[in-house]
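Okay, structure first, notes after.
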Amino acid sequence: MNDSNIQDIPKIHHRIQAKSEEIGFSMPSDLYIGSLLKTLVSSKPNAHILELGTGIGLSLSWMVDGMDKSSKLITVDNDPELIAIAQQYFGHDERLQIIREDGGKWIENYKGPKFDLIFADTWPGKYSHIDTIMDMIKIGGFYVIDDMVSQPNWLEGHEDNVTDLTAYLEGRKDFGITKMNWSSGVILAVRKY
């Protein structure tokens, strides 16, 4: 499957992609994970969504495109330059809360309602704070992570982190999981109880 098979790319996505190339942002999400996120978000009317790792906003563009008018999304990143760019593209959307903070601290301090979908695209919520983040998902809610197959930018030894995280998720009886050797390697989990 090539990128030309991806349908309904958000209109703003091309502008964000161009900005990504302009500033040399080297960790953009691919179109496949974006398409999956849009589909999952679209399945949750009046959703409460969390993205950990805003990056430059490519995945965010897909989720926003899938949201209905009553859904809300919180996105968190600690990089001031990237958060400023995300604010430029999405700051006008009252459904969004764009937060510049360390993801681990944000997770530790969060006291709000549980989420219908969490996309963890950074260390906190994926390789740290995992118990806390899994407890923040509603019954029927999704937990989505990518970059689960070897990537050229992985540091030496990172495969052990991936193996440990996969084993942890497989051991959670309150979640059903699907591991996909697709895109950059995706794990999709849904809370059963």
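Naming works like this for the structure tokens: A, B, ... for the chains as they're shown, residue 1 at the start of each chain, ligands 1 onward in shown order.
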* Write out as a VMD selection string each polymer residue whose atoms come within 8 Å of A:Lys138, counting only C-alpha atoms; drop sequence neighbours fewer than 6 positions from it. => chain A and resid 114 to 116 191
If you run DSSP over the backbone, which residues in stretch 4-174 of chain A end up strand (DSSP E)? Put them as an mmCIF file with all heavy atoms, in the first residue's frame.
```
data_model
loop_
_atom_site.group_PDB
_atom_site.id
_atom_site.type_symbol
_atom_site.label_atom_id
_atom_site.label_comp_id
_atom_site.auth_asym_id
_atom_site.auth_seq_id
_atom_site.Cartn_x
_atom_site.Cartn_y
_atom_site.Cartn_z
ATOM 1 N N HIS A 48 -13.867 12.453 24.577
ATOM 2 C CA HIS A 48 -12.845 13.115 25.381
ATOM 3 C C HIS A 48 -11.534 12.426 25.020
ATOM 4 O O HIS A 48 -11.353 11.240 25.295
ATOM 5 C CB HIS A 48 -13.181 12.966 26.865
ATOM 6 C CG HIS A 48 -12.321 13.767 27.776
ATOM 7 N ND1 HIS A 48 -12.104 15.113 27.612
ATOM 8 C CD2 HIS A 48 -11.617 13.412 28.878
ATOM 9 C CE1 HIS A 48 -11.310 15.547 28.581
ATOM 10 N NE2 HIS A 48 -10.992 14.530 29.349
ATOM 11 N N ILE A 49 -10.619 13.176 24.362
ATOM 12 C CA ILE A 49 -9.440 12.589 23.720
ATOM 13 C C ILE A 49 -8.174 13.216 24.305
ATOM 14 O O ILE A 49 -8.152 14.412 24.615
ATOM 15 C CB ILE A 49 -9.497 12.845 22.192
ATOM 16 C CG1 ILE A 49 -10.787 12.269 21.612
ATOM 17 C CG2 ILE A 49 -8.270 12.279 21.483
ATOM 18 C CD1 ILE A 49 -11.195 12.893 20.308
ATOM 19 N N LEU A 50 -7.120 12.393 24.402
ATOM 20 C CA LEU A 50 -5.828 12.863 24.870
ATOM 21 C C LEU A 50 -4.753 12.438 23.888
ATOM 22 O O LEU A 50 -4.689 11.275 23.485
ATOM 23 C CB LEU A 50 -5.505 12.272 26.253
ATOM 24 C CG LEU A 50 -4.099 12.531 26.813
ATOM 25 C CD1 LEU A 50 -3.851 14.029 27.040
ATOM 26 C CD2 LEU A 50 -3.899 11.755 28.120
ATOM 27 N N GLU A 51 -3.905 13.396 23.517
ATOM 28 C CA GLU A 51 -2.706 13.105 22.731
ATOM 29 C C GLU A 51 -1.502 13.501 23.570
ATOM 30 O O GLU A 51 -1.393 14.648 24.017
ATOM 31 C CB GLU A 51 -2.699 13.896 21.419
ATOM 32 C CG GLU A 51 -1.430 13.666 20.613
ATOM 33 C CD GLU A 51 -1.350 14.530 19.364
ATOM 34 O OE1 GLU A 51 -1.736 15.721 19.427
ATOM 35 O OE2 GLU A 51 -0.896 14.007 18.327
ATOM 36 N N LEU A 52 -0.612 12.552 23.790
ATOM 37 C CA LEU A 52 0.640 12.822 24.486
ATOM 38 C C LEU A 52 1.748 12.849 23.442
ATOM 39 O O LEU A 52 2.039 11.833 22.814
ATOM 40 C CB LEU A 52 0.905 11.745 25.541
ATOM 41 C CG LEU A 52 -0.107 11.732 26.692
ATOM 42 C CD1 LEU A 52 -0.007 10.438 27.473
ATOM 43 C CD2 LEU A 52 0.105 12.943 27.597
ATOM 44 N N LYS A 72 -13.947 16.941 22.742
ATOM 45 C CA LYS A 72 -12.869 17.761 23.302
ATOM 46 C C LYS A 72 -11.571 16.973 23.211
ATOM 47 O O LYS A 72 -11.558 15.754 23.369
ATOM 48 C CB LYS A 72 -13.136 18.095 24.779
ATOM 49 C CG LYS A 72 -14.429 18.846 25.028
ATOM 50 C CD LYS A 72 -14.340 20.265 24.555
ATOM 51 C CE LYS A 72 -15.625 21.029 24.908
ATOM 52 N NZ LYS A 72 -15.704 22.304 24.240
ATOM 53 N N LEU A 73 -10.468 17.684 22.980
ATOM 54 C CA LEU A 73 -9.163 17.046 22.868
ATOM 55 C C LEU A 73 -8.130 17.865 23.620
ATOM 56 O O LEU A 73 -8.084 19.084 23.492
ATOM 57 C CB LEU A 73 -8.758 16.906 21.398
ATOM 58 C CG LEU A 73 -7.487 16.117 21.098
ATOM 59 C CD1 LEU A 73 -7.596 15.433 19.739
ATOM 60 C CD2 LEU A 73 -6.234 16.967 21.137
ATOM 61 N N ILE A 74 -7.321 17.167 24.416
ATOM 62 C CA ILE A 74 -6.171 17.761 25.093
ATOM 63 C C ILE A 74 -4.926 17.201 24.429
ATOM 64 O O ILE A 74 -4.812 15.986 24.247
ATOM 65 C CB ILE A 74 -6.157 17.405 26.593
ATOM 66 C CG1 ILE A 74 -7.404 17.937 27.298
ATOM 67 C CG2 ILE A 74 -4.882 17.936 27.262
ATOM 68 C CD1 ILE A 74 -7.584 17.421 28.717
ATOM 69 N N THR A 75 -3.990 18.060 24.056
ATOM 70 C CA THR A 75 -2.712 17.607 23.513
ATOM 71 C C THR A 75 -1.585 18.246 24.320
ATOM 72 O O THR A 75 -1.653 19.429 24.667
ATOM 73 C CB THR A 75 -2.593 17.890 21.999
ATOM 74 O OG1 THR A 75 -1.373 17.313 21.508
ATOM 75 C CG2 THR A 75 -2.648 19.362 21.664
ATOM 76 N N VAL A 76 -0.577 17.417 24.642
ATOM 77 C CA VAL A 76 0.484 17.838 25.555
ATOM 78 C C VAL A 76 1.849 17.584 24.912
ATOM 79 O O VAL A 76 2.094 16.495 24.372
ATOM 80 C CB VAL A 76 0.404 17.047 26.887
ATOM 81 C CG1 VAL A 76 1.499 17.501 27.855
ATOM 82 C CG2 VAL A 76 -0.974 17.173 27.527
ATOM 83 N N ASP A 77 2.723 18.590 24.985
ATOM 84 C CA ASP A 77 4.106 18.439 24.528
ATOM 85 C C ASP A 77 4.965 19.405 25.332
ATOM 86 O O ASP A 77 4.484 20.450 25.766
ATOM 87 C CB ASP A 77 4.227 18.746 23.028
ATOM 88 C CG ASP A 77 5.454 18.101 22.392
ATOM 89 O OD1 ASP A 77 6.591 18.453 22.776
ATOM 90 O OD2 ASP A 77 5.276 17.243 21.507
ATOM 91 N N LEU A 96 -10.171 22.279 21.487
ATOM 92 C CA LEU A 96 -8.824 21.819 21.812
ATOM 93 C C LEU A 96 -8.225 22.586 22.979
ATOM 94 O O LEU A 96 -8.452 23.784 23.131
ATOM 95 C CB LEU A 96 -7.888 21.992 20.612
ATOM 96 C CG LEU A 96 -8.287 21.374 19.295
ATOM 97 C CD1 LEU A 96 -7.177 21.551 18.280
ATOM 98 C CD2 LEU A 96 -8.625 19.915 19.456
ATOM 99 N N GLN A 97 -7.415 21.855 23.752
ATOM 100 C CA GLN A 97 -6.591 22.462 24.774
ATOM 101 C C GLN A 97 -5.155 22.031 24.472
ATOM 102 O O GLN A 97 -4.834 20.838 24.532
ATOM 103 C CB GLN A 97 -7.030 21.980 26.155
ATOM 104 C CG GLN A 97 -6.402 22.712 27.292
ATOM 105 C CD GLN A 97 -6.940 22.234 28.648
ATOM 106 O OE1 GLN A 97 -7.777 21.358 28.727
ATOM 107 N NE2 GLN A 97 -6.427 22.828 29.704
ATOM 108 N N ILE A 98 -4.311 22.994 24.097
ATOM 109 C CA ILE A 98 -2.921 22.724 23.728
ATOM 110 C C ILE A 98 -2.050 23.130 24.911
ATOM 111 O O ILE A 98 -2.024 24.301 25.297
ATOM 112 C CB ILE A 98 -2.537 23.499 22.453
ATOM 113 C CG1 ILE A 98 -3.463 23.095 21.296
ATOM 114 C CG2 ILE A 98 -1.075 23.246 22.086
ATOM 115 C CD1 ILE A 98 -3.352 23.975 20.059
ATOM 116 N N ILE A 99 -1.355 22.146 25.480
ATOM 117 C CA ILE A 99 -0.638 22.367 26.738
ATOM 118 C C ILE A 99 0.857 22.132 26.538
ATOM 119 O O ILE A 99 1.255 21.073 26.053
ATOM 120 C CB ILE A 99 -1.170 21.422 27.837
ATOM 121 C CG1 ILE A 99 -2.656 21.713 28.107
ATOM 122 C CG2 ILE A 99 -0.341 21.542 29.117
ATOM 123 C CD1 ILE A 99 -3.323 20.726 29.031
ATOM 124 N N ARG A 100 1.653 23.112 26.950
ATOM 125 C CA ARG A 100 3.111 22.943 26.971
ATOM 126 C C ARG A 100 3.518 22.573 28.389
ATOM 127 O O ARG A 100 3.488 23.392 29.304
ATOM 128 C CB ARG A 100 3.815 24.221 26.546
ATOM 129 C CG ARG A 100 5.316 24.011 26.476
ATOM 130 C CD ARG A 100 6.062 25.300 26.182
ATOM 131 N NE ARG A 100 7.295 25.261 26.939
ATOM 132 C CZ ARG A 100 7.807 26.273 27.596
ATOM 133 N NH1 ARG A 100 7.207 27.436 27.606
ATOM 134 N NH2 ARG A 100 8.932 26.130 28.262
ATOM 135 N N PHE A 115 -10.768 9.194 29.523
ATOM 136 C CA PHE A 115 -10.711 9.478 28.088
ATOM 137 C C PHE A 115 -11.313 8.340 27.261
ATOM 138 O O PHE A 115 -11.215 7.166 27.611
ATOM 139 C CB PHE A 115 -9.260 9.707 27.658
ATOM 140 C CG PHE A 115 -8.671 10.949 28.241
ATOM 141 C CD1 PHE A 115 -7.941 10.895 29.417
ATOM 142 C CD2 PHE A 115 -8.862 12.182 27.636
ATOM 143 C CE1 PHE A 115 -7.401 12.045 29.976
ATOM 144 C CE2 PHE A 115 -8.329 13.338 28.184
ATOM 145 C CZ PHE A 115 -7.593 13.265 29.358
ATOM 146 N N ASP A 116 -11.893 8.729 26.121
ATOM 147 C CA ASP A 116 -12.395 7.764 25.135
ATOM 148 C C ASP A 116 -11.274 7.244 24.249
ATOM 149 O O ASP A 116 -11.372 6.152 23.707
ATOM 150 C CB ASP A 116 -13.454 8.425 24.239
ATOM 151 C CG ASP A 116 -14.689 8.801 25.015
ATOM 152 O OD1 ASP A 116 -15.451 7.894 25.391
ATOM 153 O OD2 ASP A 116 -14.887 10.008 25.264
ATOM 154 N N LEU A 117 -10.224 8.038 24.097
ATOM 155 C CA LEU A 117 -9.079 7.636 23.288
ATOM 156 C C LEU A 117 -7.846 8.367 23.789
ATOM 157 O O LEU A 117 -7.894 9.576 24.027
ATOM 158 C CB LEU A 117 -9.302 7.966 21.810
ATOM 159 C CG LEU A 117 -8.182 7.523 20.852
ATOM 160 C CD1 LEU A 117 -8.775 7.054 19.518
ATOM 161 C CD2 LEU A 117 -7.154 8.614 20.597
ATOM 162 N N ILE A 118 -6.767 7.607 23.961
ATOM 163 C CA ILE A 118 -5.463 8.192 24.269
ATOM 164 C C ILE A 118 -4.486 7.720 23.206
ATOM 165 O O ILE A 118 -4.336 6.516 22.979
ATOM 166 C CB ILE A 118 -4.960 7.780 25.671
ATOM 167 C CG1 ILE A 118 -5.879 8.342 26.764
ATOM 168 C CG2 ILE A 118 -3.513 8.258 25.876
ATOM 169 C CD1 ILE A 118 -5.509 7.918 28.173
ATOM 170 N N PHE A 119 -3.848 8.680 22.550
ATOM 171 C CA PHE A 119 -2.763 8.392 21.619
ATOM 172 C C PHE A 119 -1.475 8.833 22.301
ATOM 173 O O PHE A 119 -1.250 10.020 22.510
ATOM 174 C CB PHE A 119 -2.964 9.129 20.292
ATOM 175 C CG PHE A 119 -1.832 8.954 19.315
ATOM 176 C CD1 PHE A 119 -1.285 7.711 19.055
ATOM 177 C CD2 PHE A 119 -1.315 10.058 18.641
ATOM 178 C CE1 PHE A 119 -0.228 7.552 18.148
ATOM 179 C CE2 PHE A 119 -0.279 9.916 17.724
ATOM 180 C CZ PHE A 119 0.264 8.650 17.490
ATOM 181 N N ALA A 120 -0.651 7.864 22.687
ATOM 182 C CA ALA A 120 0.608 8.150 23.378
ATOM 183 C C ALA A 120 1.747 8.057 22.372
ATOM 184 O O ALA A 120 2.121 6.969 21.948
ATOM 185 C CB ALA A 120 0.806 7.167 24.534
ATOM 186 N N ILE A 137 -8.404 5.548 30.986
ATOM 187 C CA ILE A 137 -9.197 5.208 29.802
ATOM 188 C C ILE A 137 -10.548 4.642 30.230
ATOM 189 O O ILE A 137 -10.623 3.756 31.080
ATOM 190 C CB ILE A 137 -8.431 4.191 28.924
ATOM 191 C CG1 ILE A 137 -7.094 4.798 28.468
ATOM 192 C CG2 ILE A 137 -9.280 3.769 27.722
ATOM 193 C CD1 ILE A 137 -6.159 3.815 27.796
ATOM 194 N N LYS A 138 -11.612 5.150 29.630
ATOM 195 C CA LYS A 138 -12.975 4.672 29.906
ATOM 196 C C LYS A 138 -13.154 3.243 29.401
ATOM 197 O O LYS A 138 -12.458 2.807 28.471
ATOM 198 C CB LYS A 138 -14.010 5.538 29.159
ATOM 199 C CG LYS A 138 -14.136 6.947 29.611
ATOM 200 C CD LYS A 138 -15.185 7.644 28.737
ATOM 201 C CE LYS A 138 -15.301 9.110 29.074
ATOM 202 N NZ LYS A 138 -16.274 9.782 28.179
ATOM 203 N N ILE A 139 -14.134 2.552 29.940
ATOM 204 C CA ILE A 139 -14.534 1.262 29.372
ATOM 205 C C ILE A 139 -14.991 1.517 27.926
ATOM 206 O O ILE A 139 -15.760 2.443 27.658
ATOM 207 C CB ILE A 139 -15.663 0.616 30.200
ATOM 208 C CG1 ILE A 139 -15.126 0.222 31.575
ATOM 209 C CG2 ILE A 139 -16.242 -0.592 29.468
ATOM 210 C CD1 ILE A 139 -16.176 -0.243 32.541
ATOM 211 N N GLY A 140 -14.470 0.724 27.010
ATOM 212 C CA GLY A 140 -14.744 0.925 25.591
ATOM 213 C C GLY A 140 -13.815 1.918 24.934
ATOM 214 O O GLY A 140 -13.876 2.123 23.717
ATOM 215 N N GLY A 141 -12.927 2.513 25.721
ATOM 216 C CA GLY A 141 -11.994 3.502 25.201
ATOM 217 C C GLY A 141 -10.742 2.861 24.623
ATOM 218 O O GLY A 141 -10.376 1.735 24.983
ATOM 219 N N PHE A 142 -10.095 3.602 23.738
ATOM 220 C CA PHE A 142 -8.919 3.101 23.016
ATOM 221 C C PHE A 142 -7.616 3.680 23.582
ATOM 222 O O PHE A 142 -7.565 4.855 23.961
ATOM 223 C CB PHE A 142 -8.982 3.498 21.540
ATOM 224 C CG PHE A 142 -10.141 2.916 20.792
ATOM 225 C CD1 PHE A 142 -11.162 3.750 20.335
ATOM 226 C CD2 PHE A 142 -10.226 1.562 20.533
ATOM 227 C CE1 PHE A 142 -12.233 3.226 19.622
ATOM 228 C CE2 PHE A 142 -11.285 1.031 19.828
ATOM 229 C CZ PHE A 142 -12.296 1.865 19.373
ATOM 230 N N TYR A 143 -6.590 2.858 23.551
ATOM 231 C CA TYR A 143 -5.205 3.265 23.800
ATOM 232 C C TYR A 143 -4.445 2.913 22.533
ATOM 233 O O TYR A 143 -4.475 1.756 22.095
ATOM 234 C CB TYR A 143 -4.639 2.522 25.007
ATOM 235 C CG TYR A 143 -3.171 2.765 25.272
ATOM 236 C CD1 TYR A 143 -2.728 3.978 25.807
ATOM 237 C CD2 TYR A 143 -2.228 1.787 24.998
ATOM 238 C CE1 TYR A 143 -1.380 4.202 26.068
ATOM 239 C CE2 TYR A 143 -0.873 2.003 25.253
ATOM 240 C CZ TYR A 143 -0.458 3.210 25.791
ATOM 241 O OH TYR A 143 0.878 3.424 26.032
ATOM 242 N N VAL A 144 -3.786 3.902 21.926
ATOM 243 C CA VAL A 144 -3.114 3.710 20.642
ATOM 244 C C VAL A 144 -1.662 4.164 20.768
ATOM 245 O O VAL A 144 -1.386 5.262 21.252
ATOM 246 C CB VAL A 144 -3.798 4.529 19.517
ATOM 247 C CG1 VAL A 144 -3.151 4.235 18.164
ATOM 248 C CG2 VAL A 144 -5.299 4.274 19.475
ATOM 249 N N ILE A 145 -0.745 3.286 20.307
ATOM 250 C CA ILE A 145 0.668 3.638 20.233
ATOM 251 C C ILE A 145 1.222 3.177 18.897
ATOM 252 O O ILE A 145 0.746 2.196 18.323
ATOM 253 C CB ILE A 145 1.492 3.040 21.405
ATOM 254 C CG1 ILE A 145 1.265 1.540 21.537
ATOM 255 C CG2 ILE A 145 1.171 3.766 22.705
ATOM 256 C CD1 ILE A 145 2.092 0.869 22.627
#
```
* To do: Identify all residues of stretch 5-188 of chain A in alpha helix (DSSP H) (DSSP on the backbone) and supply them as a PyMOL selection string.
  => chain A and resi 13-23+31-42+58-66+80-90+103-109+130-135+158-171
Selected residues, C-alpha atoms, written as a compact mmCIF listing (two decimals), in the first residue's frame, please.
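Saved to part.txt:
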```txt
# COMPACT_ATOMS: atom_id res chain seq x y z
CA HIS A 13 -2.15 18.37 6.84
CA HIS A 14 -0.22 19.48 3.74
CA ARG A 15 0.56 22.87 5.31
CA ILE A 16 1.80 21.22 8.51
CA GLN A 17 3.87 18.75 6.49
CA ALA A 18 5.49 21.65 4.62
CA LYS A 19 6.23 23.39 7.93
CA SER A 20 7.73 20.15 9.25
CA GLU A 21 10.12 20.02 6.29
CA GLU A 22 10.90 23.74 6.63
CA ILE A 23 12.05 23.43 10.25
CA LEU A 31 -0.43 8.96 7.00
CA TYR A 32 -1.47 5.46 8.06
CA ILE A 33 -1.53 6.15 11.80
CA GLY A 34 -3.31 9.42 11.07
CA SER A 35 -6.01 7.67 9.09
CA LEU A 36 -6.47 5.09 11.86
CA LEU A 37 -6.72 7.80 14.52
CA LYS A 38 -9.32 9.70 12.51
CA THR A 39 -11.40 6.55 12.13
CA LEU A 40 -11.21 5.70 15.84
CA VAL A 41 -12.03 9.27 16.90
CA SER A 42 -14.99 9.29 14.49
CA LEU A 58 0.32 16.04 11.98
CA SER A 59 -1.52 13.37 14.00
CA LEU A 60 -3.52 16.10 15.68
CA SER A 61 -4.81 17.23 12.28
CA TRP A 62 -6.29 13.77 11.68
CA MET A 63 -7.92 13.55 15.10
CA VAL A 64 -9.41 17.04 14.80
CA ASP A 65 -10.79 16.06 11.39
CA GLY A 66 -12.53 13.05 12.96
CA PRO A 80 7.92 25.28 23.11
CA GLU A 81 8.68 25.66 19.39
CA LEU A 82 6.39 22.79 18.41
CA ILE A 83 3.60 23.92 20.75
CA ALA A 84 3.81 27.42 19.21
CA ILE A 85 3.40 25.91 15.74
CA ALA A 86 0.44 23.79 16.89
CA GLN A 87 -1.13 26.94 18.38
CA GLN A 88 -0.81 28.67 14.99
CA TYR A 89 -2.71 25.90 13.24
CA PHE A 90 -5.20 24.84 15.92
CA GLY A 103 4.05 14.81 29.85
CA GLY A 104 4.97 12.91 33.01
CA LYS A 105 4.12 15.88 35.23
CA TRP A 106 0.89 16.46 33.37
CA ILE A 107 -0.15 12.81 33.83
CA GLU A 108 0.72 12.94 37.56
CA ASN A 109 -1.36 16.09 38.08
CA ILE A 130 1.85 3.46 31.96
CA ASP A 131 -0.25 2.21 34.90
CA THR A 132 -1.63 5.71 35.47
CA ILE A 133 -2.38 6.33 31.79
CA MET A 134 -4.17 2.99 31.35
CA ASP A 135 -6.38 3.82 34.35
CA HIS A 158 15.31 0.63 22.82
CA GLU A 159 14.03 -2.70 21.49
CA ASP A 160 14.02 -3.92 25.10
CA ASN A 161 11.64 -1.07 26.03
CA VAL A 162 9.31 -2.08 23.21
CA THR A 163 9.44 -5.76 24.21
CA ASP A 164 8.72 -4.91 27.86
CA LEU A 165 5.84 -2.58 26.97
CA THR A 166 4.28 -5.16 24.64
CA ALA A 167 4.50 -7.84 27.35
CA TYR A 168 2.93 -5.44 29.87
CA LEU A 169 0.00 -4.71 27.54
CA GLU A 170 -0.47 -8.40 26.77
CA GLY A 171 -0.66 -9.07 30.52
```
* Tell me which of A:Asp121, A:Glu156, A:Asp8, A:Lys69 sits closest to A:Ile187, counting only C-alpha atoms. =>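 Checking each candidate against A:Ile187, we get A:Asp121 as the closest.
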* Among the residues A:Gly185, A:Pro113, A:Gly53, A:Pro152, the one that comes closest to A:Gly125 [using only C-alpha atoms] ->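 With only C-alpha atoms as the atom set, the closest residue is A:Gly53.
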* What is the distance between atom CA of A:Ser184 and atom CA of A:Thr122, in Å to one decimal? ->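 Taking atom CA of A:Ser184 as the start and atom CA of A:Thr122 as the end point, the length is 14.1 Å.
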* **Distance in Å - atom CA of A:Trp123 versus atom CA of A:Ile56** => 16.2 Å
